[in-house]
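K.L.:
Structure supplied as my_file22.tsv; contents: TSV, C-alpha atoms.
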```
chain	number	residue	atom	x	y	z
B	1	MET	CA	0.00	0.00	0.00
B	2	THR	CA	1.49	3.33	-1.01
B	3	THR	CA	1.22	6.18	1.42
B	4	PRO	CA	-0.67	9.09	-0.18
B	5	PRO	CA	0.85	12.57	-0.37
B	6	PRO	CA	0.03	14.95	2.48
B	7	ASN	CA	-3.68	15.65	2.50
B	8	PRO	CA	-4.41	19.21	1.33
B	9	ALA	CA	-7.44	19.09	3.63
B	10	ALA	CA	-5.03	19.43	6.55
B	11	ARG	CA	-4.88	23.13	5.66
B	12	THR	CA	-8.26	23.75	7.21
B	13	THR	CA	-10.02	26.95	6.15
B	14	PRO	CA	-13.44	28.19	7.32
B	15	ALA	CA	-14.35	29.14	3.75
B	16	ARG	CA	-13.63	25.65	2.39
B	17	SER	CA	-15.63	24.03	5.15
B	18	SER	CA	-18.51	26.43	4.59
B	19	VAL	CA	-18.63	26.00	0.81
B	20	PHE	CA	-18.31	22.22	1.00
B	21	SER	CA	-21.06	21.97	3.64
B	22	CYS	CA	-23.30	24.10	1.45
B	23	LEU	CA	-22.78	21.81	-1.55
B	24	TYR	CA	-22.95	18.61	0.52
B	25	ARG	CA	-26.33	19.48	2.02
B	26	SER	CA	-27.87	20.79	-1.18
B	27	GLU	CA	-30.17	18.50	-3.16
B	28	GLN	CA	-29.16	20.17	-6.43
B	29	ALA	CA	-26.04	21.62	-8.03
B	30	LEU	CA	-25.46	25.28	-7.17
B	31	THR	CA	-24.08	28.26	-9.03
B	32	LYS	CA	-21.27	30.39	-7.62
B	33	GLN	CA	-23.75	33.16	-6.93
B	34	GLU	CA	-26.03	30.77	-5.02
B	35	ILE	CA	-23.08	29.49	-2.98
B	36	ALA	CA	-22.04	33.06	-2.14
B	37	ARG	CA	-25.59	33.89	-1.08
B	38	GLU	CA	-25.95	30.75	1.06
B	39	THR	CA	-22.56	31.08	2.78
B	40	GLY	CA	-22.24	34.86	2.99
B	41	LEU	CA	-18.84	34.68	1.29
B	42	SER	CA	-17.66	37.06	-1.43
B	43	LEU	CA	-17.61	35.81	-5.01
B	44	PRO	CA	-13.79	35.97	-5.24
B	45	THR	CA	-13.57	33.81	-2.10
B	46	VAL	CA	-16.05	31.35	-3.57
B	47	TYR	CA	-13.97	31.16	-6.79
B	48	GLN	CA	-10.80	30.39	-4.83
B	49	THR	CA	-12.52	27.87	-2.57
B	50	LEU	CA	-14.06	25.95	-5.46
B	51	ALA	CA	-10.60	25.68	-7.02
B	52	SER	CA	-9.31	24.27	-3.73
B	53	LEU	CA	-12.10	21.68	-3.58
B	54	GLU	CA	-11.38	20.70	-7.18
B	55	GLU	CA	-7.73	20.18	-6.25
B	56	LEU	CA	-8.85	17.77	-3.53
B	57	GLY	CA	-10.87	15.78	-6.08
B	58	ILE	CA	-14.22	16.37	-4.36
B	59	LEU	CA	-15.81	18.91	-6.71
B	60	ALA	CA	-17.95	18.02	-9.71
B	61	SER	CA	-19.48	20.14	-12.45
B	62	GLY	CA	-23.25	20.11	-12.39
B	63	GLY	CA	-23.57	21.49	-15.90
B	64	GLU	CA	-25.16	24.74	-16.96
B	65	ARG	CA	-28.28	26.14	-15.31
B	66	GLN	CA	-31.28	26.83	-17.55
B	67	SER	CA	-31.06	30.46	-18.61
B	68	THR	CA	-33.82	32.95	-17.86
B	69	GLY	CA	-32.08	35.53	-20.01
B	70	GLY	CA	-28.39	36.19	-20.43
B	71	ARG	CA	-25.50	33.75	-20.19
B	72	ARG	CA	-26.09	30.37	-18.59
B	73	ALA	CA	-24.40	29.91	-15.23
B	74	ASN	CA	-22.23	26.86	-14.43
B	75	THR	CA	-23.22	24.82	-11.41
B	76	PHE	CA	-21.21	22.73	-8.96
B	77	SER	CA	-21.81	19.77	-6.70
B	78	VAL	CA	-19.87	17.29	-4.56
B	79	ASP	CA	-17.98	14.53	-6.38
B	80	ALA	CA	-18.79	11.83	-3.86
B	81	GLY	CA	-16.96	9.08	-5.74
B	82	GLY	CA	-13.57	10.73	-5.83
B	83	VAL	CA	-12.83	10.26	-2.14
B	84	GLY	CA	-13.79	7.62	0.40
B	85	ALA	CA	-12.72	5.59	3.40
B	86	LEU	CA	-12.28	1.98	4.45
B	87	GLY	CA	-14.07	0.25	7.29
B	88	ILE	CA	-12.64	-2.89	8.89
B	89	SER	CA	-14.58	-4.92	11.44
B	90	VAL	CA	-12.80	-7.44	13.62
B	91	THR	CA	-14.46	-10.30	15.48
B	92	GLY	CA	-13.09	-13.34	17.18
B	93	SER	CA	-13.26	-15.30	13.93
B	94	GLN	CA	-12.89	-12.95	10.97
B	95	ILE	CA	-11.88	-9.60	9.50
B	96	ARG	CA	-14.29	-7.85	7.14
B	97	VAL	CA	-13.44	-4.91	4.90
B	98	LEU	CA	-15.54	-2.56	2.80
B	99	GLY	CA	-15.22	0.93	1.38
B	100	CYS	CA	-17.60	3.83	1.19
B	101	ASP	CA	-17.62	7.08	-0.77
B	102	LEU	CA	-17.97	10.63	0.48
B	103	ARG	CA	-21.72	10.22	0.96
B	104	GLY	CA	-21.31	7.02	2.90
B	105	LYS	CA	-22.44	4.67	0.13
B	106	ILE	CA	-20.73	1.30	-0.21
B	107	VAL	CA	-18.17	1.11	-3.02
B	108	ASP	CA	-18.80	-2.09	-4.97
B	109	GLY	CA	-16.07	-4.67	-5.23
B	110	VAL	CA	-13.94	-3.38	-2.37
B	111	GLY	CA	-12.66	-5.61	0.41
B	112	GLY	CA	-13.92	-8.99	1.50
B	113	GLU	CA	-13.69	-11.38	4.43
B	114	TRP	CA	-10.69	-13.17	5.93
B	115	PRO	CA	-10.65	-15.78	8.71
B	116	LEU	CA	-9.00	-14.79	11.98
B	117	GLU	CA	-8.11	-17.41	14.52
B	118	GLY	CA	-7.17	-16.59	18.10
B	119	PRO	CA	-5.60	-16.40	20.52
B	120	ILE	CA	-3.61	-13.66	18.81
B	121	SER	CA	-1.21	-10.97	19.96
B	122	ALA	CA	-1.85	-7.28	19.35
B	123	ARG	CA	1.19	-7.23	17.05
B	124	GLU	CA	-0.14	-10.14	14.97
B	125	LEU	CA	-3.52	-8.46	14.72
B	126	ALA	CA	-1.89	-5.21	13.61
B	127	CYS	CA	-0.17	-7.05	10.75
B	128	ALA	CA	-3.43	-8.72	9.75
B	129	LEU	CA	-5.18	-5.33	9.72
B	130	GLN	CA	-2.39	-3.88	7.58
B	131	GLU	CA	-2.90	-6.63	4.99
B	132	ALA	CA	-6.66	-6.08	5.04
B	133	ALA	CA	-6.20	-2.34	4.59
B	134	GLU	CA	-3.84	-2.91	1.66
B	135	ALA	CA	-6.42	-5.07	-0.07
B	136	GLY	CA	-9.09	-2.46	0.56
B	137	VAL	CA	-7.00	0.44	-0.74
B	138	SER	CA	-6.20	-1.55	-3.90
B	139	GLY	CA	-9.91	-2.03	-4.48
B	140	MET	CA	-10.63	1.65	-3.89
B	141	ASP	CA	-7.83	2.63	-6.28
B	142	ALA	CA	-9.25	0.34	-8.96
B	143	HIS	CA	-12.59	2.05	-8.49
B	144	GLY	CA	-11.00	5.49	-8.86
B	145	THR	CA	-11.65	6.45	-5.24
B	146	ARG	CA	-8.89	7.93	-3.10
B	147	THR	CA	-8.78	6.49	0.41
B	148	VAL	CA	-8.54	9.21	3.07
B	149	GLY	CA	-8.90	7.09	6.19
B	150	VAL	CA	-9.33	3.65	7.72
B	151	GLY	CA	-11.74	2.96	10.56
B	152	VAL	CA	-11.31	-0.26	12.56
B	153	ALA	CA	-14.27	-1.54	14.58
B	154	VAL	CA	-13.60	-3.89	17.50
B	155	PRO	CA	-15.92	-5.66	19.97
B	156	SER	CA	-14.64	-3.74	22.96
B	157	ALA	CA	-15.21	-0.49	24.78
B	158	ILE	CA	-12.21	1.87	24.55
B	159	ASP	CA	-11.06	3.94	27.50
B	160	PRO	CA	-10.95	7.55	26.21
B	161	ALA	CA	-8.33	8.52	28.80
B	162	THR	CA	-5.79	5.77	28.09
B	163	GLY	CA	-6.88	4.49	24.68
B	164	ARG	CA	-6.87	0.92	26.00
B	165	LEU	CA	-9.32	-1.81	25.03
B	166	LEU	CA	-11.42	-2.57	28.09
B	167	ASN	CA	-12.57	-6.04	27.05
B	168	THR	CA	-10.61	-8.34	24.72
B	169	ARG	CA	-12.60	-11.49	25.49
B	170	VAL	CA	-14.23	-11.70	22.04
B	171	LEU	CA	-11.06	-10.68	20.19
B	172	LYS	CA	-9.00	-13.28	22.08
B	173	ILE	CA	-5.99	-10.95	22.24
B	174	THR	CA	-3.25	-12.37	24.44
B	175	ASP	CA	-1.94	-8.95	25.51
B	176	SER	CA	-3.46	-7.48	28.66
B	177	SER	CA	-5.52	-4.34	27.86
B	178	PRO	CA	-3.65	-3.38	24.68
B	179	VAL	CA	-3.66	0.23	23.50
B	180	ALA	CA	-6.06	0.61	20.56
B	181	ALA	CA	-3.50	2.64	18.62
B	182	SER	CA	-1.17	-0.39	18.53
B	183	LEU	CA	-3.68	-2.20	16.31
B	184	ILE	CA	-3.43	0.43	13.56
B	185	SER	CA	0.29	1.16	13.89
B	186	GLU	CA	1.10	-0.56	10.56
B	187	ILE	CA	-1.53	1.29	8.49
B	188	PRO	CA	0.13	4.24	6.69
B	189	LEU	CA	-3.09	6.23	6.41
B	190	PRO	CA	-5.14	8.25	8.89
B	191	ALA	CA	-6.75	5.52	11.01
B	192	ASP	CA	-8.65	5.08	14.23
B	193	VAL	CA	-10.25	2.34	16.33
B	194	PHE	CA	-13.92	2.41	17.36
B	195	ASN	CA	-16.36	0.25	19.28
B	196	ASP	CA	-18.21	-2.01	16.84
B	197	ALA	CA	-21.74	-1.37	18.10
B	198	SER	CA	-21.12	2.38	18.01
B	199	CYS	CA	-20.19	1.98	14.33
B	200	GLY	CA	-23.33	-0.03	13.64
B	201	GLY	CA	-25.46	2.68	15.20
B	202	PHE	CA	-23.65	5.42	13.29
B	203	SER	CA	-24.39	3.70	9.97
B	204	GLU	CA	-28.09	4.17	10.72
B	205	VAL	CA	-27.91	7.97	10.74
B	206	PHE	CA	-25.04	8.94	8.39
B	207	PRO	CA	-25.16	11.13	6.32
B	208	THR	CA	-28.57	12.52	7.28
B	209	HIS	CA	-28.74	15.95	8.87
B	210	SER	CA	-32.07	15.46	10.62
B	211	GLY	CA	-30.70	15.22	14.15
B	212	GLN	CA	-32.07	11.73	14.78
B	213	ASN	CA	-32.12	10.08	18.19
B	214	ILE	CA	-31.93	6.28	18.30
B	215	ALA	CA	-30.89	3.51	20.65
B	216	TYR	CA	-29.12	0.80	18.63
B	217	LEU	CA	-29.13	-2.74	20.00
B	218	SER	CA	-26.47	-4.97	18.44
B	219	LEU	CA	-27.22	-8.71	18.51
B	220	GLU	CA	-24.28	-10.92	17.60
B	221	ARG	CA	-22.08	-13.31	19.57
B	222	GLY	CA	-21.94	-10.48	22.03
B	223	VAL	CA	-24.76	-8.04	22.77
B	224	GLY	CA	-23.91	-4.35	22.71
B	225	GLY	CA	-25.33	-1.08	21.59
B	226	ALA	CA	-25.00	2.58	20.75
B	227	ILE	CA	-26.77	5.76	21.72
B	228	ILE	CA	-27.17	8.30	18.91
B	229	ILE	CA	-28.25	11.80	19.96
B	230	GLY	CA	-28.80	14.41	17.29
B	231	SER	CA	-27.29	12.00	14.73
B	232	ARG	CA	-24.06	11.84	16.75
B	233	PRO	CA	-22.85	8.96	18.93
B	234	TYR	CA	-22.82	9.46	22.67
B	235	GLU	CA	-19.82	7.41	23.82
B	236	GLY	CA	-20.10	8.10	27.55
B	237	GLU	CA	-17.53	9.64	29.87
B	238	GLY	CA	-15.67	6.36	30.17
B	239	GLY	CA	-16.17	5.20	26.59
B	240	ALA	CA	-18.54	2.42	27.64
B	241	SER	CA	-22.01	3.82	27.01
B	242	ALA	CA	-24.83	1.60	25.75
B	243	GLU	CA	-23.47	-1.69	27.10
B	244	PHE	CA	-27.01	-2.97	26.71
B	245	GLY	CA	-25.82	-6.57	26.87
B	246	HIS	CA	-25.39	-6.17	30.60
B	247	ILE	CA	-28.88	-5.01	31.43
B	248	CYS	CA	-30.26	-7.47	33.97
B	249	VAL	CA	-33.27	-9.21	32.45
B	250	GLU	CA	-33.40	-12.21	34.81
B	251	PRO	CA	-32.26	-11.54	38.40
B	252	GLY	CA	-30.11	-14.45	39.59
B	253	GLY	CA	-30.34	-16.03	36.13
B	254	LYS	CA	-27.78	-17.56	33.77
B	255	PRO	CA	-24.12	-16.63	34.28
B	256	CYS	CA	-22.74	-13.98	31.93
B	257	THR	CA	-19.21	-13.59	30.62
B	258	CYS	CA	-18.95	-10.39	32.67
B	259	GLY	CA	-19.10	-12.45	35.86
B	260	ARG	CA	-22.63	-11.50	36.87
B	261	ARG	CA	-25.92	-13.33	36.34
B	262	GLY	CA	-29.04	-12.63	34.34
B	263	CYS	CA	-27.58	-10.23	31.75
B	264	LEU	CA	-29.26	-9.73	28.38
B	265	GLU	CA	-26.15	-11.13	26.68
B	266	ALA	CA	-26.51	-14.39	28.59
B	267	TYR	CA	-29.95	-14.87	27.01
B	268	CYS	CA	-29.71	-13.12	23.63
B	269	SER	CA	-26.28	-13.79	22.14
B	270	SER	CA	-26.26	-15.95	19.02
B	271	ALA	CA	-24.59	-18.67	21.08
B	272	CYS	CA	-27.82	-19.13	23.02
B	273	LEU	CA	-29.46	-20.50	19.88
B	274	SER	CA	-26.54	-22.40	18.41
B	275	ASP	CA	-23.53	-23.24	20.57
B	276	GLU	CA	-25.60	-24.16	23.61
B	277	LEU	CA	-27.60	-26.63	21.50
B	278	GLY	CA	-24.56	-27.93	19.62
B	279	CYS	CA	-25.65	-26.69	16.17
B	280	THR	CA	-25.18	-23.81	13.75
B	281	LEU	CA	-27.64	-20.92	13.51
B	282	ASP	CA	-28.90	-22.25	10.17
B	283	GLU	CA	-29.54	-25.63	11.76
B	284	PHE	CA	-31.28	-24.01	14.74
B	285	PHE	CA	-33.73	-22.01	12.62
B	286	SER	CA	-34.35	-25.03	10.42
B	287	ARG	CA	-35.30	-26.97	13.55
B	288	PHE	CA	-37.43	-24.06	14.75
B	289	ASP	CA	-39.31	-23.81	11.43
B	290	SER	CA	-39.99	-27.54	11.49
B	291	GLY	CA	-41.57	-27.24	14.94
B	292	ASP	CA	-38.83	-28.89	16.99
B	293	PRO	CA	-40.10	-28.33	20.58
B	294	VAL	CA	-36.59	-27.75	21.96
B	295	ALA	CA	-35.82	-25.10	19.34
B	296	VAL	CA	-39.25	-23.49	19.69
B	297	GLY	CA	-38.87	-23.30	23.45
B	298	ARG	CA	-35.41	-21.85	23.21
B	299	PHE	CA	-36.47	-19.18	20.69
B	300	VAL	CA	-39.48	-18.16	22.77
B	301	ASP	CA	-37.16	-17.76	25.75
B	302	TYR	CA	-34.72	-15.76	23.60
B	303	ALA	CA	-37.45	-13.45	22.30
B	304	GLU	CA	-39.00	-12.96	25.74
B	305	HIS	CA	-35.71	-11.80	27.25
B	306	LEU	CA	-34.94	-9.71	24.18
B	307	VAL	CA	-38.20	-7.84	24.60
B	308	ARG	CA	-37.45	-7.24	28.28
B	309	GLY	CA	-34.17	-5.63	27.28
B	310	ILE	CA	-35.87	-3.58	24.56
B	311	GLN	CA	-38.41	-2.26	27.03
B	312	VAL	CA	-35.73	-1.18	29.49
B	313	ILE	CA	-33.93	0.68	26.70
B	314	ARG	CA	-37.17	2.24	25.46
B	315	THR	CA	-38.22	3.32	28.96
B	316	ILE	CA	-34.89	5.04	29.62
B	317	PHE	CA	-34.34	6.77	26.28
B	318	ASP	CA	-37.88	7.20	24.88
B	319	CYS	CA	-36.70	7.04	21.26
B	320	ASP	CA	-36.70	4.56	18.40
B	321	VAL	CA	-34.95	1.28	19.14
B	322	VAL	CA	-33.08	-0.25	16.19
B	323	LEU	CA	-32.11	-3.93	16.13
B	324	GLY	CA	-28.80	-4.56	14.36
B	325	GLY	CA	-26.01	-7.11	14.14
B	326	PHE	CA	-26.03	-10.35	12.17
B	327	MET	CA	-28.93	-11.72	14.22
B	328	ALA	CA	-31.26	-8.93	13.07
B	329	PRO	CA	-31.99	-10.33	9.57
B	330	ARG	CA	-32.81	-13.71	11.06
B	331	LEU	CA	-35.13	-12.19	13.64
B	332	SER	CA	-36.91	-10.14	10.99
B	333	PHE	CA	-38.77	-13.28	9.90
B	334	TYR	CA	-40.32	-13.37	13.37
B	335	PHE	CA	-40.77	-9.62	13.72
B	336	ASP	CA	-44.52	-9.82	14.40
B	337	PHE	CA	-43.88	-11.97	17.47
B	338	VAL	CA	-41.27	-9.60	18.86
B	339	VAL	CA	-43.37	-6.50	18.09
B	340	ARG	CA	-46.47	-8.00	19.70
B	341	ARG	CA	-44.66	-8.78	22.93
B	342	ALA	CA	-42.91	-5.38	22.95
B	343	GLY	CA	-46.28	-3.65	22.59
B	344	GLN	CA	-47.75	-5.73	25.40
B	345	LEU	CA	-44.96	-4.67	27.76
B	346	ASP	CA	-45.02	-0.94	26.92
B	347	PHE	CA	-46.73	0.74	29.86
B	348	LEU	CA	-47.34	3.96	27.90
B	349	ARG	CA	-48.44	2.61	24.53
B	350	THR	CA	-50.06	-0.50	23.10
B	351	ASP	CA	-47.94	-0.70	19.96
B	352	ALA	CA	-44.25	-1.05	19.19
B	353	SER	CA	-43.95	1.46	16.36
B	354	PHE	CA	-40.72	2.62	18.00
B	355	LEU	CA	-39.02	-0.68	17.07
B	356	ARG	CA	-37.38	-1.38	13.71
B	357	TYR	CA	-34.58	-3.37	12.14
B	358	ALA	CA	-31.31	-1.85	10.97
B	359	ARG	CA	-30.97	-0.47	7.45
B	360	HIS	CA	-27.58	-2.20	7.12
B	361	PRO	CA	-27.84	-5.41	9.16
B	362	HIS	CA	-25.10	-7.25	7.24
B	363	HIS	CA	-22.62	-4.41	6.75
B	364	GLY	CA	-23.48	-1.88	9.45
B	365	VAL	CA	-20.33	-2.26	11.54
B	366	PRO	CA	-17.59	-1.89	8.87
B	367	LEU	CA	-19.74	0.64	7.01
B	368	GLY	CA	-20.13	2.76	10.13
B	369	ALA	CA	-16.38	2.59	10.78
B	370	ALA	CA	-15.71	3.87	7.25
B	371	GLN	CA	-18.38	6.55	7.57
B	372	LYS	CA	-16.82	7.81	10.81
B	373	MET	CA	-13.58	8.39	8.94
B	374	VAL	CA	-15.46	10.15	6.13
B	375	GLN	CA	-17.10	12.45	8.64
B	376	ARG	CA	-13.74	13.20	10.24
B	377	TYR	CA	-12.33	14.10	6.81
B	378	ILE	CA	-15.30	16.39	6.11
B	379	GLU	CA	-15.03	18.10	9.50
B	380	ARG	CA	-11.36	18.86	8.85
B	381	LEU	CA	-11.85	20.45	5.45
```
Let's see the structure in the file written out as structure tokens.

P.N.:
Amino acid sequence: MTTPPPNPAARTTPARSSVFSCLYRSEQALTKQEIARETGLSLPTVYQTLASLEELGILASGGERQSTGGRRANTFSVDAGGVGALGISVTGSQIRVLGCDLRGKIVDGVGGEWPLEGPISARELACALQEAAEAGVSGMDAHGTRTVGVGVAVPSAIDPATGRLLNTRVLKITDSSPVAASLISEIPLPADVFNDASCGGFSEVFPTHSGQNIAYLSLERGVGGAIIIGSRPYEGEGGASAEFGHICVEPGGKPCTCGRRGCLEAYCSSACLSDELGCTLDEFFSRFDSGDPVAVGRFVDYAEHLVRGIQVIRTIFDCDVVLGGFMAPRLSFYFDFVVRRAGQLDFLRTDASFLRYARHPHHGVPLGAAQKMVQRYIERL
């Protein structure tokens, strides 16, 4: 992977940020006069700023505006395909890579999946992430998209004060509380490490500007979440907000990996439907669909505890609850059951219109990681 030249965007200017934001939010291409009017900048400043954005490869011509008399004016818009970022998600068993453009849309044909077997050292994982990033950048280059950042999503909270991973159980890292920065030390591009559920939640609201509030519940081998306020993640003072997997849904119940009993994760991880019954998820749902009483009983128990967790989240945050993670598409086939029970437990309402499934259930985590890097690039223009 070749290291790109210094990013011209590092020379941050208020005018560039203002003009780009104006174009990025507009639903149509704008003339220089319209940009000047919207931003309050002088026309000479707009001319210079547009040239700067063109140099960065993020400005496109929108063609000529229909004339109402006199010469037709040229229009400009954002070239979303010229720049993008990579997102890499890491689990205990695989690395997944995808790319997105400046508007957060997935770039076709970029990345893929690679197996990852632990236990593994932080150094070994850093080398694996470097190789994954190289493959992703090659794909972006082939697509004509310049990579401006790499976001890595991990199944762990990250201490904002020390930068250390607070829980490496899923990752199976042999180092004790490794520093997150050590995982991206071999990637010669702007890079950062994020919590995976936070990335999944972010992919639900980027790049809208509507100021959405959602509580995102991630259902995978671990159960986590994200709180999005005004379309921005709330990470918490200690970097461990929205650990929804450790809501108590059954006092004194099944032991959880955190050392306590009765946590949502102990009842609603994917392992509850597969590993504990000695089968794969596909085999479990096949048994459930055929009416196997053991599978039916287990799923009813899963759904009942899931709804208890949902209701706690809903009661606290009073906003839409979004179900994400790789379990979400499977649960969507049984959505009516989950919605019915959620409505029955809502003490304020009799419906569960607040509940929905993620827009990106399969790719939300790596996509959100890439989108976070895109947003960082935009904010630094």

K.L.:
For Arg72 of chain B, which residue out of B:Thr31, B:Ser274, B:Ser269, B:Ser89 is the nearest one, using only C-alpha atoms?

P.N.:
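Checking each candidate against Arg72 of chain B, we get B:Thr31 as the closest.
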
K.L.:
Which value, in Å to one decimal, gives the distance between atom CA of Arg96 of chain B and atom CA of Leu116 of chain B?

P.N.:
10.0 Å

K.L.:
Do you have the atom CA of Glu204 of chain B-atom CA of Glu38 of chain B distance handy?

P.N.:
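Straight-line distance from atom CA of Glu204 of chain B to atom CA of Glu38 of chain B works out to 28.4 Å.
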
K.L.:
Got a sec to check which residues sit within 12 Å of (-23.3, 23.8, -15.4), counting all atoms listed in the file, and write them as a list in words?

P.N.:
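The distance filter leaves exactly Gln28, Ala29, Leu30, Thr31, Lys32, Ala60, Ser61, Gly62, Gly63, Glu64, Arg65, Gln66, Ser67, Arg71, Arg72, Ala73, Asn74, Thr75, Phe76 and Ser77 of chain B.
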
K.L.:
For Gly325 of chain B, which residue out of B:Glu250, B:Val300, B:Val223, B:Arg287 is the nearest one, using only C-alpha atoms?

P.N.:
B:Val223
